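Trainee: Handing you a structure now.
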Amino acid sequence: MTIVHRIRSLVGTDAVLETDGTGLPRVAPRSEEEAALVLRTASEAGWRVRVEGARRWSPDDAPADLALTTQRLSEITFLDPADLVATAQAGVAWDDLRGALADQGAWAALDPPGTGRSVGSVVATATAGPLRGGFGNVRDHVLGLTLVTGDGRVVRPGGRVVKNVAGFDLAKLATGSFGAFGVVTSVTLRLRAVPRADMTLVATGTRDGLLGAARRILGAGITPGALELVAPAAAQAADWALAIRLIGADAEVQATRNAVGGAAALGFAELPAHESARLWSDILAGAESGPTTVRLGTLPSALDDALDLVAHHLPEAWLSATVGSGTIRWSGDTTHDRVKLLRHQAAQQEIPLTLERAPWPMRESLGHFGAYREGVGRLVGQLRRAFDPHGTLVVPVDAVA
């Protein structure tokens, strides 16, 4: 019996979608139980499974026997605007979730980079945009999730309340694991009320001058919703740009705007609403402007050195830095050797480099993370064996030895 016939016998004929050019079958489970059945069967049969979301952020080029897509897991199953909590299945488009929340006066303070992302993709990769500096990373917004492990077990860590976790937090582990421990099928998110005011300020200048101004803003105790340093190639301008997003109540935003002007001593221009929306949208879309996207994390005080490191090893391309969180994201066309050398040099400074997007040969060789501290690779390997004992899921987390 072929894989296609076996899958159809398990979950129905309409659950198997078109195959790709190589004949790879694609199954679209309609529930977490169906996803568990498929993965349990794959684990027992020795099939290799590639997990797909909207197929927009990461290329669907990993070799496998079967592709499992979350596109039919596309419902918002719980939304409580009073308690500011929502649960969405993994295949829900992030833009659709954002629109549904806005209709209820709620907001998820996350702006994942890229376009057309699904909820599962955002959580599995933990990709956060400029709002990370003011509102925290993806893990800070995840209250709970449902994870189907590589051998077909359904695990539901976390819940719908903030203080729900005692001991080991599997929800935090699965968030940002790139699917190494299982398939995220639904996510419960912490929400906020839709802000009354949303203002964007922009200044241009040299990299070091703007970075110094950003540090003075943070040093004055000001925490903007976003504080983003944007390279000329990303800003489509001759100079670097510093973009500040102020979010909150009207009086609070105006007071912060005045404080920013006093702390930074820069000539900030306030953007009209339509220009502000376009600016932040362009920054998010630019993160997938090249075939490879890397993310580095450091302390805000060490951003100068980290930016120099990127400039030395990677070609000039799209780049932005979230100053408050010390996050640098670069997207462009580069080689395996350049990224490998950059990761090695960054590790010597205790700076982790995450390979967020890349063609399969680079992902397979370098891994999404690579162990930048001794013992990390061994620990991740032990965890993977616990959740995916037969190596069913095709996820290159660590570098090939």
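For the structure tokens, the naming scheme is as follows: chains receive sequential letters (A, B, ...) according to their order of presentation, residues are indexed from 1 within each chain, and ligands are indexed from 1 in presentation order.
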Using only C-alpha atoms, which protein or nucleic acid residues come within 7 Å of region 262-271 of chain A? Drop anything in the same chain fewer than 3 positions from it, and give the result as a ChimeraX atom specification.
Mentor: /A:200-203,213-214,216-217,220,258-259,275-276
Trainee: Return as a PyMOL selection string the full set of residues in region 157-314 of chain A whose backbone-based DSSP assignment is alpha helix (DSSP H).
Mentor: chain A and resi 170-174+207-219+232-235+250-264+273-286+303-313
Trainee: Ranking A:Phe181, A:Phe369, A:Trp107, A:Trp318 by minimum distance to Asp95 (chain A) and counting only C-alpha atoms, which one comes first?
Mentor: A:Trp107
Trainee: Would you return as a PyMOL selection string the members of region 26-57 of chain A that DSSP assigns to strand (DSSP E or B) on this structure's backbone?
Mentor: chain A and resi 26-27+49-52
Trainee: Store the residues of this selection in a file with C-alpha atoms, as a short mmCIF file (atom, residue, chain, number, x, y, z; two decimals), in the first residue's frame.
Mentor:
data_model
loop_
_atom_site.label_atom_id
_atom_site.label_comp_id
_atom_site.auth_asym_id
_atom_site.auth_seq_id
_atom_site.Cartn_x
_atom_site.Cartn_y
_atom_site.Cartn_z
CA ARG A 26 0.48 16.53 1.12
CA VAL A 27 -2.02 15.77 3.89
CA VAL A 49 7.35 14.29 7.55
CA ARG A 50 7.74 17.92 6.56
CA VAL A 51 5.39 20.37 8.31
CA GLU A 52 3.99 23.32 6.35
#
Trainee: Find the residues near Asp140 (chain A): any atom within 9 Å, counting only C-alpha atoms, skip ones fewer than 3 places away on the same chain, and give them as a list in words.
Mentor: Phe135, Gly136, Asn137, Leu143, Lys172 and Arg190 of chain A
Trainee: May I have the selected residues written with N, CA and C atoms, as a PDB file, in the first residue's frame?
Mentor:
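The resulting file, selection.pdb, is reproduced below:
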ATOM      1  N   PHE A 135       6.915  45.240  23.765  1.00  0.00           N
ATOM      2  CA  PHE A 135       5.907  44.341  24.313  1.00  0.00           C
ATOM      3  C   PHE A 135       6.390  42.910  24.531  1.00  0.00           C
ATOM      4  N   GLY A 136       7.655  42.637  24.249  1.00  0.00           N
ATOM      5  CA  GLY A 136       8.188  41.310  24.513  1.00  0.00           C
ATOM      6  C   GLY A 136       8.167  40.409  23.299  1.00  0.00           C
ATOM      7  N   ASN A 137       8.803  39.254  23.438  1.00  0.00           N
ATOM      8  CA  ASN A 137       8.895  38.313  22.328  1.00  0.00           C
ATOM      9  C   ASN A 137       7.651  37.439  22.253  1.00  0.00           C
ATOM     10  N   LEU A 143       0.050  31.863  26.110  1.00  0.00           N
ATOM     11  CA  LEU A 143      -0.393  31.315  27.389  1.00  0.00           C
ATOM     12  C   LEU A 143      -0.417  29.794  27.367  1.00  0.00           C
ATOM     13  N   LYS A 172       6.586  27.236  26.346  1.00  0.00           N
ATOM     14  CA  LYS A 172       7.718  28.104  26.028  1.00  0.00           C
ATOM     15  C   LYS A 172       8.768  27.350  25.212  1.00  0.00           C
ATOM     16  N   ARG A 190      -2.230  35.815  24.873  1.00  0.00           N
ATOM     17  CA  ARG A 190      -2.555  36.927  25.745  1.00  0.00           C
ATOM     18  C   ARG A 190      -2.793  38.161  24.870  1.00  0.00           C
TER      19      ARG A 190
END
Trainee: Between A:Ala197, A:Val294, A:Thr322, A:Leu303, which has the minimum distance to Glu252 (chain A) (counting only C-alpha atoms)?
Mentor: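 The closest residue to Glu252 (chain A) is A:Ala197.
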Trainee: Need the shell around Ser186 (chain A): protein/DNA/RNA residues with any atom at most 6 Å away, counting only C-alpha atoms. Skip same-chain ones fewer than 5 positions apart. Format as a PyMOL selection string?
Mentor: chain A and resi 88-90+145-146
Trainee: Those same residues - C-alpha atoms - I'd like them written as a tab-separated table (two decimals), in the first residue's frame.
Mentor:
chain	number	residue	atom	x	y	z
A	88	ALA	CA	-6.62	30.14	17.28
A	89	GLN	CA	-5.76	27.05	15.30
A	90	ALA	CA	-2.37	26.95	13.62
A	145	LEU	CA	-0.77	25.66	22.97
A	146	THR	CA	-1.55	22.22	21.62
Trainee: Go through A:Ser325, A:Gln254, A:Ser301, A:Ser331 one by one, measure the shortest atom-to-atom distance of each to Ala233 (chain A) using only C-alpha atoms, and give the residue with the smallest value.
Mentor: A:Ser331
Trainee: Determine, counting only C-alpha atoms, which protein, DNA and RNA residues have an atom within 12 Å of an atom of Thr41 (chain A); residues of the same chain fewer than 2 positions away are not included. Present the result as a list in words.
Mentor: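 Returned residues: Ile3, Arg6, Ile7, Ser9, Leu10, Val11, Glu34, Ala35, Ala36, Leu37, Val38, Leu39, Ser43, Glu44, Ala45, Gly46, Trp47, Arg48, Val49, Leu66, Gly150, Asp151, Gly152, Arg153, His390 and Thr392 of chain A.
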Trainee: Near Leu229 (chain A), counting only C-alpha atoms, which residues have an atom at most 10 Å away, once you skip same-chain residues fewer than 6 positions from it, shown as a PyMOL selection string?
Mentor: chain A and resi 130+202-204+207+210-211+214+235+240-244+319-323+328
Trainee: For a quick check of understanding, using only C-alpha atoms, which of A:Gly326, A:Gly286, A:Pro315, A:Gly21 has the smallest distance to Gly114 (chain A)?
Mentor: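 Of A:Gly326, A:Gly286, A:Pro315, A:Gly21, the one nearest Gly114 (chain A), counting only C-alpha atoms, is A:Gly286.
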Trainee: So, counting only C-alpha atoms, which residue among A:Arg72, A:Arg338, A:His344, A:His313 is closest to Ala28 (chain A)?
Mentor: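 With only C-alpha atoms as the atom set, the closest residue is A:Arg72.
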Trainee: As an exercise, work out the distance from CA of Thr69 (chain A) to CA of Val394 (chain A) in Å and give it to one decimal place.
Mentor: 13.3 Å
Trainee: For Thr77 (chain A), list every protein, DNA or RNA residue within 12 Å, evaluated using only C-alpha atoms, and leave out those in the same chain fewer than 6 positions away; present the list as a ChimeraX atom specification.
Mentor: /A:85-92,97,100,185-189
Trainee: Can I get the selection written as a CSV table (one decimal), in the first residue's frame, with C-alpha atoms?
Mentor:
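The new file selection-v4.csv reads:
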chain,number,residue,atom,x,y,z
A,85,VAL,CA,-7.5,35.9,25.7
A,86,ALA,CA,-8.0,34.1,22.3
A,87,THR,CA,-7.3,30.6,21.0
A,88,ALA,CA,-6.6,30.1,17.3
A,89,GLN,CA,-5.8,27.0,15.3
A,90,ALA,CA,-2.4,27.0,13.6
A,91,GLY,CA,-3.6,27.5,10.1
A,92,VAL,CA,-5.4,30.8,10.8
A,97,LEU,CA,-6.7,36.8,13.4
A,100,ALA,CA,-11.1,39.4,14.1
A,185,THR,CA,-2.0,22.8,16.1
A,186,SER,CA,-3.5,25.6,18.2
A,187,VAL,CA,-2.3,28.6,20.3
A,188,THR,CA,-3.8,30.6,23.2
A,189,LEU,CA,-2.6,34.2,23.2
Trainee: Rank A:Arg192, A:Arg156, A:Arg55, A:Arg245 by their smallest atom-to-atom distance to Ala108 (chain A), using only C-alpha atoms, and report the top residue only.
Mentor: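 Counting only C-alpha atoms, the residue closest to Ala108 (chain A) is A:Arg192.
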Trainee: Between CA of Ser177 (chain A) and CA of Ala42 (chain A), what is the distance in Å, rounded to a tenth?
Mentor: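 One can read the CA of Ser177 (chain A) to CA of Ala42 (chain A) distance as 20.5 Å.
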